[in-house]
file start-v4.cif (mmCIF, C-alpha atoms)
data_protein
#
loop_
_atom_site.label_atom_id
_atom_site.label_comp_id
_atom_site.auth_asym_id
_atom_site.auth_seq_id
_atom_site.Cartn_x
_atom_site.Cartn_y
_atom_site.Cartn_z
CA MET L 268 -4.58 -11.23 -11.32
CA GLN L 269 -2.53 -11.86 -8.19
CA LEU L 270 0.91 -13.42 -8.37
CA GLN L 271 3.36 -14.10 -5.60
CA GLN L 272 6.44 -12.02 -6.03
CA GLN L 273 9.43 -14.16 -6.95
CA PRO L 274 13.09 -13.27 -6.45
CA ARG L 275 14.44 -11.78 -9.65
CA LYS L 276 17.26 -13.62 -11.40
CA GLN L 277 20.33 -11.50 -11.90
CA PHE L 278 21.25 -10.66 -15.47
CA GLN L 279 24.81 -11.88 -16.00
CA GLU L 280 26.77 -10.73 -19.02
CA ASN L 281 30.43 -10.48 -19.96
CA ASN L 282 31.33 -6.85 -19.44
CA GLU L 283 34.31 -7.03 -21.78
CA PHE L 284 32.18 -7.09 -24.93
CA ILE L 285 28.64 -7.36 -26.19
CA ARG L 286 27.50 -9.18 -29.30
CA ASN L 287 24.44 -7.94 -31.16
CA GLU L 288 21.84 -10.23 -32.71
CA LYS L 289 24.06 -10.78 -35.76
CA GLY L 290 26.90 -11.95 -33.57
CA MET L 291 29.01 -8.86 -34.18
CA VAL L 292 31.02 -7.57 -31.25
CA ILE L 293 30.02 -4.11 -30.06
CA LYS L 294 33.02 -2.26 -28.67
CA MET L 295 31.97 -0.25 -25.65
CA ASP L 296 34.67 2.38 -25.78
CA LYS L 297 32.28 5.02 -27.11
CA PRO L 298 30.25 7.51 -25.09
CA MET L 299 26.61 6.64 -24.44
CA ARG L 300 25.57 9.72 -26.42
CA ARG L 301 26.55 7.77 -29.55
CA TYR L 302 23.82 5.19 -28.82
CA MET L 303 20.95 7.13 -27.26
CA LYS L 304 19.44 10.52 -26.55
CA VAL L 305 19.34 11.00 -22.80
CA GLY L 306 16.26 12.77 -21.47
CA THR L 307 14.20 13.37 -18.37
CA ILE L 308 10.50 13.84 -17.62
CA LEU L 309 9.71 17.42 -16.66
CA HIS L 310 6.61 16.84 -14.51
CA VAL L 311 8.24 13.94 -12.64
CA ALA L 312 11.54 15.67 -11.97
CA TYR L 313 9.75 18.76 -10.65
CA GLY L 314 6.59 18.46 -8.56
CA GLY L 315 3.41 20.43 -8.98
CA LEU L 316 3.31 20.35 -12.77
CA ALA L 317 1.33 17.17 -13.45
CA GLY L 318 -2.01 18.99 -13.62
CA GLY L 319 -0.83 21.18 -16.48
CA GLU L 320 -0.22 24.28 -14.37
CA GLY L 321 2.48 25.61 -12.06
CA PRO L 322 6.00 26.91 -12.82
CA ILE L 323 6.29 24.93 -16.04
CA LEU L 324 8.57 27.31 -17.93
CA GLU L 325 10.79 27.96 -14.93
CA CYS L 326 11.38 24.24 -14.42
CA LEU L 327 11.70 23.58 -18.14
CA LYS L 328 14.50 26.15 -18.36
CA LYS L 329 16.54 24.15 -15.82
CA ILE L 330 16.41 21.13 -18.10
CA VAL L 331 16.96 22.79 -21.46
CA THR L 332 20.00 24.69 -20.14
CA ASP L 333 21.59 21.45 -18.91
CA PRO L 334 23.80 20.07 -21.73
CA TYR L 335 23.57 16.55 -20.25
CA PHE L 336 20.11 16.24 -21.79
CA GLU L 337 19.06 16.04 -25.41
CA VAL L 338 15.41 15.27 -24.63
CA VAL L 339 12.75 16.67 -22.35
CA GLU L 340 9.45 14.84 -21.90
CA VAL L 341 6.48 17.07 -21.22
CA ALA L 342 2.80 16.60 -20.48
CA ARG L 343 -0.38 18.61 -20.49
CA MET L 344 0.00 22.38 -20.41
CA LYS L 345 -3.38 24.02 -19.98
CA ASP L 346 -2.34 27.49 -21.09
CA PRO L 347 -1.80 27.79 -24.88
CA ALA L 348 0.70 30.61 -24.36
CA THR L 349 2.74 28.37 -22.05
CA ARG L 350 2.73 25.61 -24.67
CA ARG L 351 3.99 28.01 -27.32
CA ALA L 352 6.69 29.36 -25.02
CA ALA L 353 7.74 25.84 -24.08
CA ALA L 354 7.95 24.78 -27.73
CA ASP L 355 10.07 27.85 -28.53
CA MET L 356 12.36 27.18 -25.57
CA ILE L 357 12.87 23.54 -26.54
CA ALA L 358 13.58 24.46 -30.15
CA CYS L 359 15.97 27.25 -29.14
CA ALA L 360 17.89 24.79 -26.96
CA HIS L 361 18.17 22.40 -29.95
CA MET L 362 16.45 19.62 -28.01
CA THR L 363 13.96 16.87 -28.77
CA SER L 364 10.65 16.67 -26.91
CA ALA L 365 8.24 13.83 -26.20
CA TYR L 366 4.70 14.01 -24.81
CA GLY L 367 3.32 11.82 -22.05
CA GLY L 368 -0.44 11.37 -21.99
CA GLN L 369 -0.46 9.04 -18.97
CA GLY L 370 -1.33 11.82 -16.54
CA ARG L 371 -4.43 12.69 -18.54
CA MET L 372 -5.80 9.27 -17.61
CA LEU L 373 -4.48 8.93 -14.08
CA GLY L 374 -5.30 12.41 -12.89
CA ALA L 375 -8.90 12.28 -14.12
CA GLY L 376 -9.56 8.62 -13.36
CA LEU L 377 -10.07 7.81 -17.05
CA ASN L 378 -9.60 4.38 -18.61
CA ILE L 379 -8.84 3.82 -22.27
CA ASN L 380 -10.13 0.23 -22.04
CA ASP L 381 -13.23 1.15 -20.02
CA LEU L 382 -16.06 -1.32 -20.62
CA ASP L 383 -18.45 1.58 -20.23
CA GLU L 384 -18.54 3.20 -23.67
CA GLU L 385 -19.14 6.69 -22.34
CA GLY L 386 -16.08 6.40 -20.12
CA ARG L 387 -13.96 5.03 -22.96
CA GLN L 388 -14.98 7.90 -25.22
CA LYS L 389 -14.02 10.44 -22.55
CA ALA L 390 -10.60 8.83 -22.28
CA LEU L 391 -10.20 8.82 -26.06
CA ALA L 392 -11.18 12.47 -26.34
CA SER L 393 -8.60 13.47 -23.73
CA LEU L 394 -5.81 11.48 -25.38
CA LYS L 395 -6.67 12.91 -28.80
CA GLU L 396 -6.43 16.36 -27.27
CA GLY L 397 -3.03 15.31 -25.98
CA ILE L 398 -1.98 14.22 -29.45
CA ASP L 399 -2.99 17.66 -30.72
CA GLU L 400 -0.78 19.28 -28.07
CA ALA L 401 2.08 16.90 -28.89
CA TYR L 402 1.99 17.96 -32.52
CA GLU L 403 1.72 21.58 -31.48
CA ILE L 404 5.01 21.44 -29.55
CA GLY L 405 6.72 19.23 -32.14
CA ALA L 406 7.02 16.12 -29.97
CA ALA L 407 8.89 13.09 -31.28
CA ASP L 408 6.28 10.68 -29.90
CA PHE L 409 3.12 10.42 -27.79
CA SER L 410 2.64 7.89 -25.00
CA PHE L 411 -0.27 6.61 -22.93
CA LEU L 412 -1.10 3.69 -20.65
CA ALA L 413 -3.71 0.98 -20.59
CA GLY L 414 -6.32 1.28 -17.86
CA THR L 415 -7.34 -0.95 -15.00
CA TYR L 416 -9.36 -4.12 -15.49
CA GLU L 417 -11.16 -6.91 -13.68
CA LYS L 418 -9.83 -10.44 -13.88
CA GLU L 419 -13.22 -11.82 -14.92
CA THR L 420 -13.51 -9.46 -17.91
CA ARG L 421 -9.86 -9.15 -18.89
CA GLU L 422 -10.46 -10.28 -22.47
CA GLU L 423 -13.28 -7.77 -22.96
CA SER L 424 -10.98 -5.03 -21.62
CA PHE L 425 -8.24 -6.19 -23.99
CA GLN L 426 -10.55 -5.90 -26.98
CA LYS L 427 -11.56 -2.39 -25.89
CA LEU L 428 -7.87 -1.50 -25.59
CA LEU L 429 -7.28 -2.67 -29.15
CA GLU L 430 -10.25 -0.64 -30.36
CA SER L 431 -9.03 2.49 -28.61
CA THR L 432 -5.42 2.07 -29.73
CA ARG L 433 -6.54 1.74 -33.33
CA GLU L 434 -8.40 5.03 -33.02
CA LEU L 435 -5.40 6.77 -31.46
CA CYS L 436 -2.97 5.48 -34.08
CA ALA L 437 -5.30 6.45 -36.90
CA TYR L 438 -5.87 9.90 -35.41
CA ALA L 439 -2.14 10.52 -34.99
CA ARG L 440 -1.49 9.26 -38.54
CA SER L 441 -4.09 11.67 -39.94
CA LYS L 442 -2.01 14.57 -38.61
CA GLY L 443 1.50 13.37 -39.38
CA ASP L 444 3.91 10.54 -38.62
CA MET L 445 4.26 10.79 -34.84
CA PRO L 446 4.48 7.37 -33.12
CA VAL L 447 1.87 6.39 -30.53
CA LEU L 448 3.37 4.36 -27.68
CA CYS L 449 1.75 2.33 -24.93
CA GLU L 450 3.83 2.25 -21.76
CA VAL L 451 4.11 -1.06 -19.94
CA PHE L 452 3.04 -0.75 -16.28
CA ASP L 453 2.45 -3.03 -13.30
CA TYR L 454 -0.75 -5.06 -13.21
CA ASP L 455 -1.23 -5.81 -9.51
CA ILE L 456 0.59 -3.28 -7.30
CA ALA L 457 -0.03 0.39 -8.07
CA LYS L 458 -1.41 1.35 -11.49
CA ARG L 459 -2.88 -2.16 -12.04
CA SER L 460 -2.73 -1.66 -15.78
CA LEU L 461 -3.93 -4.22 -18.30
CA ILE L 462 -0.54 -3.83 -20.07
CA GLY L 463 0.82 -5.53 -18.06
CA PRO L 464 2.42 -9.00 -17.97
CA VAL L 465 4.70 -9.77 -20.89
CA GLU L 466 2.53 -12.43 -22.52
CA LEU L 467 -0.30 -9.92 -22.91
CA VAL L 468 2.07 -7.14 -23.93
CA LYS L 469 3.42 -9.40 -26.68
CA ARG L 470 -0.04 -10.27 -27.96
CA TYR L 471 -1.04 -6.61 -27.91
CA ALA L 472 2.11 -5.40 -29.67
CA GLU L 473 1.96 -8.07 -32.35
CA THR L 474 -1.68 -7.28 -33.09
CA MET L 475 -1.19 -3.53 -33.27
CA GLY L 476 2.14 -3.80 -35.07
CA ARG L 477 0.53 -5.68 -37.94
CA GLU L 478 -2.03 -2.91 -38.40
CA TYR L 479 -0.21 0.36 -37.70
CA ASP L 480 3.41 1.22 -38.38
CA ASN L 481 3.20 4.19 -36.01
CA PHE L 482 2.51 1.97 -32.97
CA GLY L 483 5.15 1.00 -30.44
CA LEU L 484 5.92 0.23 -26.81
CA MET L 485 7.54 2.25 -24.07
CA VAL L 486 9.42 0.22 -21.45
CA ASP L 487 10.58 1.33 -18.01
CA LEU L 488 13.23 -0.19 -15.76
CA SER L 489 11.31 0.89 -12.67
CA HIS L 490 8.25 -1.11 -13.71
CA ILE L 491 10.03 -4.39 -14.44
CA PRO L 492 10.42 -5.53 -10.79
CA MET L 493 6.77 -4.52 -10.22
CA ILE L 494 5.71 -6.89 -13.00
CA HIS L 495 7.61 -9.73 -11.26
CA GLU L 496 9.77 -10.30 -14.35
CA THR L 497 13.48 -10.23 -15.04
CA ILE L 498 14.92 -7.76 -17.51
CA GLN L 499 15.24 -10.52 -20.10
CA GLU L 500 11.73 -11.84 -19.51
CA ASN L 501 10.28 -8.36 -19.82
CA LEU L 502 12.16 -7.12 -22.88
CA LEU L 503 13.17 -10.00 -25.12
CA PRO L 504 9.68 -11.17 -26.19
CA VAL L 505 8.72 -7.65 -27.32
CA LYS L 506 12.11 -6.35 -28.46
CA ASP L 507 10.91 -5.58 -31.99
CA TYR L 508 8.26 -3.15 -30.72
CA ILE L 509 10.27 -1.09 -28.20
CA ARG L 510 10.55 2.52 -29.38
CA HIS L 511 11.20 4.47 -26.16
CA ALA L 512 12.70 3.59 -22.78
CA HIS L 513 12.64 5.01 -19.27
CA MET L 514 15.17 4.60 -16.47
CA GLY L 515 13.97 4.56 -12.89
CA ASN L 516 13.63 2.80 -9.57
CA THR L 517 10.95 1.28 -7.34
CA VAL L 518 10.37 -0.03 -3.83
CA ILE L 519 8.32 -3.23 -3.66
CA LYS L 520 9.79 -5.18 -0.75
CA SER L 521 6.88 -4.25 1.53
CA PRO L 522 3.93 -1.86 1.52
CA GLU L 523 5.33 -0.60 4.83
CA CYS L 524 8.46 0.78 3.16
CA PRO L 525 8.68 4.47 2.23
CA ALA L 526 8.11 5.13 -1.50
CA TYR L 527 6.43 1.75 -1.99
CA GLY L 528 4.90 1.19 -5.42
CA ASP L 529 5.11 3.29 -8.56
CA GLU L 530 6.74 6.33 -6.92
CA HIS L 531 10.00 6.44 -8.93
CA PRO L 532 12.39 7.26 -6.08
CA ARG L 533 16.04 8.04 -6.76
CA PHE L 534 18.45 5.23 -7.60
CA GLY L 535 19.81 3.58 -4.47
CA PHE L 536 16.82 4.59 -2.34
CA PRO L 537 16.51 2.44 0.83
CA ASN L 538 14.93 -0.98 0.18
CA SER L 539 14.68 -0.26 -3.54
CA GLU L 540 15.31 -2.51 -6.52
CA ASN L 541 17.51 -0.56 -8.94
CA ASP L 542 20.90 1.07 -8.75
CA VAL L 543 24.05 1.17 -10.88
CA GLU L 544 24.29 -2.57 -11.64
CA GLU L 545 20.63 -2.99 -12.52
CA LEU L 546 20.69 0.06 -14.78
CA ALA L 547 23.82 -1.29 -16.48
CA ALA L 548 22.11 -4.64 -17.08
CA TYR L 549 19.08 -2.89 -18.58
CA LEU L 550 21.19 -0.77 -20.92
CA ARG L 551 23.35 -3.75 -21.83
CA LEU L 552 20.35 -5.74 -22.99
CA LEU L 553 18.85 -2.76 -24.83
CA LEU L 554 22.17 -2.47 -26.65
CA GLN L 555 22.34 -6.18 -27.36
CA ILE L 556 18.89 -6.26 -28.98
CA GLY L 557 19.73 -3.26 -31.13
CA PHE L 558 17.44 -0.75 -29.48
CA LEU L 559 20.44 1.36 -28.50
CA ASN L 560 22.24 2.04 -31.75
CA GLU L 561 24.32 4.60 -33.62
CA GLU L 562 22.16 4.87 -36.73
CA ASN L 563 18.86 5.94 -35.17
CA ARG L 564 19.51 6.91 -31.57
CA PRO L 565 16.41 6.32 -29.41
CA ILE L 566 15.12 8.32 -26.45
CA VAL L 567 16.11 6.94 -23.04
CA SER L 568 14.82 9.16 -20.25
CA PHE L 569 15.03 9.31 -16.49
CA GLU L 570 11.79 8.94 -14.58
CA VAL L 571 13.07 9.90 -11.15
CA LYS L 572 11.07 11.84 -8.59
CA PRO L 573 12.26 13.52 -5.36
CA PHE L 574 10.85 11.80 -2.29
CA GLY L 575 9.56 13.85 0.59
CA GLU L 576 11.75 16.89 1.17
CA GLU L 577 14.46 15.83 -1.28
CA ASP L 578 15.67 18.60 -3.58
CA ALA L 579 14.76 18.09 -7.25
CA ASP L 580 18.10 19.31 -8.59
CA VAL L 581 20.06 17.14 -6.18
CA THR L 582 17.97 14.10 -7.08
CA MET L 583 18.59 14.75 -10.78
CA ALA L 584 22.33 15.07 -10.19
CA GLY L 585 22.25 11.66 -8.53
CA ALA L 586 20.42 10.15 -11.49
CA LYS L 587 23.00 11.48 -13.93
CA ARG L 588 25.82 10.20 -11.77
CA THR L 589 24.18 6.76 -11.64
CA LEU L 590 23.84 6.63 -15.42
CA ASP L 591 27.48 7.62 -15.92
CA LEU L 592 28.60 4.85 -13.58
CA ALA L 593 26.25 2.32 -15.19
CA TRP L 594 27.54 3.06 -18.67
CA GLU L 595 31.05 2.27 -17.48
CA LEU L 596 29.78 -1.25 -16.71
CA VAL L 597 28.06 -1.68 -20.08
#
call {"tool": "encode", "arguments": {"input": "start-v4.cif", "output": "C-alpha cells"}}
result
Amino acid sequence: MQLQQQPRKQFQENNEFIRNEKGMVIKMDKPMRRYMKVGTILHVAYGGLAGGEGPILECLKKIVTDPYFEVVEVARMKDPATRRAAADMIACAHMTSAYGGQGRMLGAGLNINDLDEEGRQKALASLKEGIDEAYEIGAADFSFLAGTYEKETREESFQKLLESTRELCAYARSKGDMPVLCEVFDYDIAKRSLIGPVELVKRYAETMGREYDNFGLMVDLSHIPMIHETIQENLLPVKDYIRHAHMGNTVIKSPECPAYGDEHPRFGFPNSENDVEELAAYLRLLLQIGFLNEENRPIVSFEVKPFGEEDADVTMAGAKRTLDLAWELV
C-alpha cells in the first residue's frame, strides 16, 4: 500500500481544562505521576543490548536508580543468570517492568503473519519463548508487532495474524493474566507492518477483543506521523483497546534527512515531527479518552534513541525535560 503523505492537521484543544468522555472537567493541577507510570525502554535508550547480550545490568542500573521512572521495558536476555539478576534489581527498586518481543521478530527476520507456515511457526515459537521470559521477570505485559505483507495478499496475511494472535493470547492466559499487546507500526516507510493503518487496526482489535480479554494495543507517538494520520485519527477509533503507550519522535520529511524512518531520535531533532507541543497534544487526548487516569495508571514510556555519537544519558535527560514541559501544556 502506497499513500502520499499529507500534511498533518494540528490538534487544537483548550489548555485551560479538559473534559472526559462523560463531560466532566479534569483539573490539570496534579502531577503527571497521578495519571500514568512513566517508563523508558532499556534496549532503545542504551545501544548494543537488542540482541540479548551486552552490558544489560550496568545499563539497567542507571534506569532503576533514577526516581523519575516507575517502569523499565526490557527485551530478550539470553543469559538466564542475567534475567534473574535483572528481575531482582527491578523488584528491589520497586519498579514495574514490561517485555518487548518486537526485537525477536525484527532481529531474526521473522514474521508472525508469514504465509509460509514454517516461518509463522518459527515466529510463534520465538514469541512464546519471550512470553516465558516475561513471566519469569514479572513483566506487566508482553508486546509484539505484526509482520510485513504484500498488497495482493493482505487479507490472507491478516487472517494469519489473527490465527497467531489467538495462539499467543491463549498461551499467555495458560500461564497467568499477563496482557498481550500488538504495537501499531508504519505500513509503508520502515517496518512496513500489517498493523498498520487505523481501519485495519480497528478491525483487528475488535476481532481479538471479542475473543480474548488479555489482548490490547500499544500505541506510539513516533509512529503516528509515519502512518500519515493525525493523533485523533490514529487513537480515537481504537481508544477502547489501548493498554500501553510510547512517547517518541520520527523524521519523515525526506529519506535524505538524518534519522529518517523508525529511528526514534530525540525530541526536537532536526527536521523531525514531534517536540513539546506534539507530545502535549498526544497526552491531552490520552487523558481525554480516559487512558490516562488516577484509578488504574497505565504505562507511558519513552522510546528515544541516541543518534550517532549522542550520549545516551544526555538524550534521556532531554526526553524527561520535554515531558515535563509538555505536561505543563496539558
call {"tool": "resolve_selection", "arguments": {"input": "start-v4.cif", "expression": "the PyMOL selection byres ((chain L and resi 446) around 7)", "output": "ChimeraX atom specification"}}
result
/L:408-409,444-445,447-448,481-483
call {"tool": "closest_residue", "arguments": {"input": "start-v4.cif", "among": "L:Ala413, L:Leu373, L:Val338, L:Val581", "to": "Thr307 (chain L)", "atoms": "only C-alpha atoms"}}
result
L:Val338
call {"tool": "closest_residue", "arguments": {"input": "start-v4.cif", "among": "L:Gly585, L:Gly575, L:Pro492, L:Gly368", "to": "Ser539 (chain L)", "atoms": "all atoms listed in the file"}}
result
L:Pro492
call {"tool": "resolve_selection", "arguments": {"input": "start-v4.cif", "expression": "the PyMOL selection byres ((chain L and resi 340) around 12)", "output": "PDB file with C-alpha atoms, in the frame of the given file"}}
result
ATOM      1  CA  LYS L 304      19.440  10.520 -26.550  1.00  0.00           C
ATOM      2  CA  VAL L 305      19.340  11.000 -22.800  1.00  0.00           C
ATOM      3  CA  GLY L 306      16.260  12.770 -21.470  1.00  0.00           C
ATOM      4  CA  THR L 307      14.200  13.370 -18.370  1.00  0.00           C
ATOM      5  CA  ILE L 308      10.500  13.840 -17.620  1.00  0.00           C
ATOM      6  CA  LEU L 309       9.710  17.420 -16.660  1.00  0.00           C
ATOM      7  CA  HIS L 310       6.610  16.840 -14.510  1.00  0.00           C
ATOM      8  CA  VAL L 311       8.240  13.940 -12.640  1.00  0.00           C
ATOM      9  CA  ALA L 312      11.540  15.670 -11.970  1.00  0.00           C
ATOM     10  CA  TYR L 313       9.750  18.760 -10.650  1.00  0.00           C
ATOM     11  CA  ALA L 317       1.330  17.170 -13.450  1.00  0.00           C
ATOM     12  CA  LEU L 327      11.700  23.580 -18.140  1.00  0.00           C
ATOM     13  CA  ILE L 330      16.410  21.130 -18.100  1.00  0.00           C
ATOM     14  CA  VAL L 331      16.960  22.790 -21.460  1.00  0.00           C
ATOM     15  CA  PHE L 336      20.110  16.240 -21.790  1.00  0.00           C
ATOM     16  CA  GLU L 337      19.060  16.040 -25.410  1.00  0.00           C
ATOM     17  CA  VAL L 338      15.410  15.270 -24.630  1.00  0.00           C
ATOM     18  CA  VAL L 339      12.750  16.670 -22.350  1.00  0.00           C
ATOM     19  CA  VAL L 341       6.480  17.070 -21.220  1.00  0.00           C
ATOM     20  CA  ALA L 342       2.800  16.600 -20.480  1.00  0.00           C
ATOM     21  CA  ARG L 343      -0.380  18.610 -20.490  1.00  0.00           C
ATOM     22  CA  ALA L 353       7.740  25.840 -24.080  1.00  0.00           C
ATOM     23  CA  ALA L 354       7.950  24.780 -27.730  1.00  0.00           C
ATOM     24  CA  ILE L 357      12.870  23.540 -26.540  1.00  0.00           C
ATOM     25  CA  MET L 362      16.450  19.620 -28.010  1.00  0.00           C
ATOM     26  CA  THR L 363      13.960  16.870 -28.770  1.00  0.00           C
ATOM     27  CA  SER L 364      10.650  16.670 -26.910  1.00  0.00           C
ATOM     28  CA  ALA L 365       8.240  13.830 -26.200  1.00  0.00           C
ATOM     29  CA  TYR L 366       4.700  14.010 -24.810  1.00  0.00           C
ATOM     30  CA  GLY L 367       3.320  11.820 -22.050  1.00  0.00           C
ATOM     31  CA  GLY L 368      -0.440  11.370 -21.990  1.00  0.00           C
ATOM     32  CA  GLN L 369      -0.460   9.040 -18.970  1.00  0.00           C
ATOM     33  CA  ALA L 401       2.080  16.900 -28.890  1.00  0.00           C
ATOM     34  CA  ILE L 404       5.010  21.440 -29.550  1.00  0.00           C
ATOM     35  CA  GLY L 405       6.720  19.230 -32.140  1.00  0.00           C
ATOM     36  CA  ALA L 406       7.020  16.120 -29.970  1.00  0.00           C
ATOM     37  CA  ALA L 407       8.890  13.090 -31.280  1.00  0.00           C
ATOM     38  CA  ASP L 408       6.280  10.680 -29.900  1.00  0.00           C
ATOM     39  CA  PHE L 409       3.120  10.420 -27.790  1.00  0.00           C
ATOM     40  CA  SER L 410       2.640   7.890 -25.000  1.00  0.00           C
ATOM     41  CA  HIS L 511      11.200   4.470 -26.160  1.00  0.00           C
ATOM     42  CA  ALA L 512      12.700   3.590 -22.780  1.00  0.00           C
ATOM     43  CA  HIS L 513      12.640   5.010 -19.270  1.00  0.00           C
ATOM     44  CA  ILE L 566      15.120   8.320 -26.450  1.00  0.00           C
ATOM     45  CA  VAL L 567      16.110   6.940 -23.040  1.00  0.00           C
ATOM     46  CA  SER L 568      14.820   9.160 -20.250  1.00  0.00           C
ATOM     47  CA  PHE L 569      15.030   9.310 -16.490  1.00  0.00           C
ATOM     48  CA  GLU L 570      11.790   8.940 -14.580  1.00  0.00           C
TER      49      GLU L 570
END
call {"tool": "closest_residue", "arguments": {"input": "start-v4.cif", "among": "L:Glu430, L:Gln388, L:Phe452, L:Arg470", "to": "Phe411 (chain L)", "atoms": "all atoms listed in the file"}}
result
L:Phe452
call {"tool": "resolve_selection", "arguments": {"input": "start-v4.cif", "expression": "the PyMOL selection byres ((chain L and resi 543) around 8)", "output": "ChimeraX atom specification"}}
result
/L:534,541-542,544-547,589-590,592-593
call {"tool": "closest_residue", "arguments": {"input": "start-v4.cif", "among": "L:His495, L:Arg440, L:Arg387, L:Arg477", "to": "Val465 (chain L)", "atoms": "only C-alpha atoms"}}
result
L:His495
call {"tool": "closest_residue", "arguments": {"input": "start-v4.cif", "among": "L:Arg433, L:Lys469, L:Arg551, L:Lys572", "to": "Gly315 (chain L)", "atoms": "only C-alpha atoms"}}
result
L:Lys572
call {"tool": "atom_distance", "arguments": {"input": "start-v4.cif", "atom1": "CA of Lys587 (chain L)", "atom2": "CA of Val571 (chain L)"}}
result
10.4 Å
call {"tool": "closest_residue", "arguments": {"input": "start-v4.cif", "among": "L:Leu391, L:Met485, L:Val597, L:Leu324", "to": "Met372 (chain L)", "atoms": "all atoms listed in the file"}}
result
L:Leu391
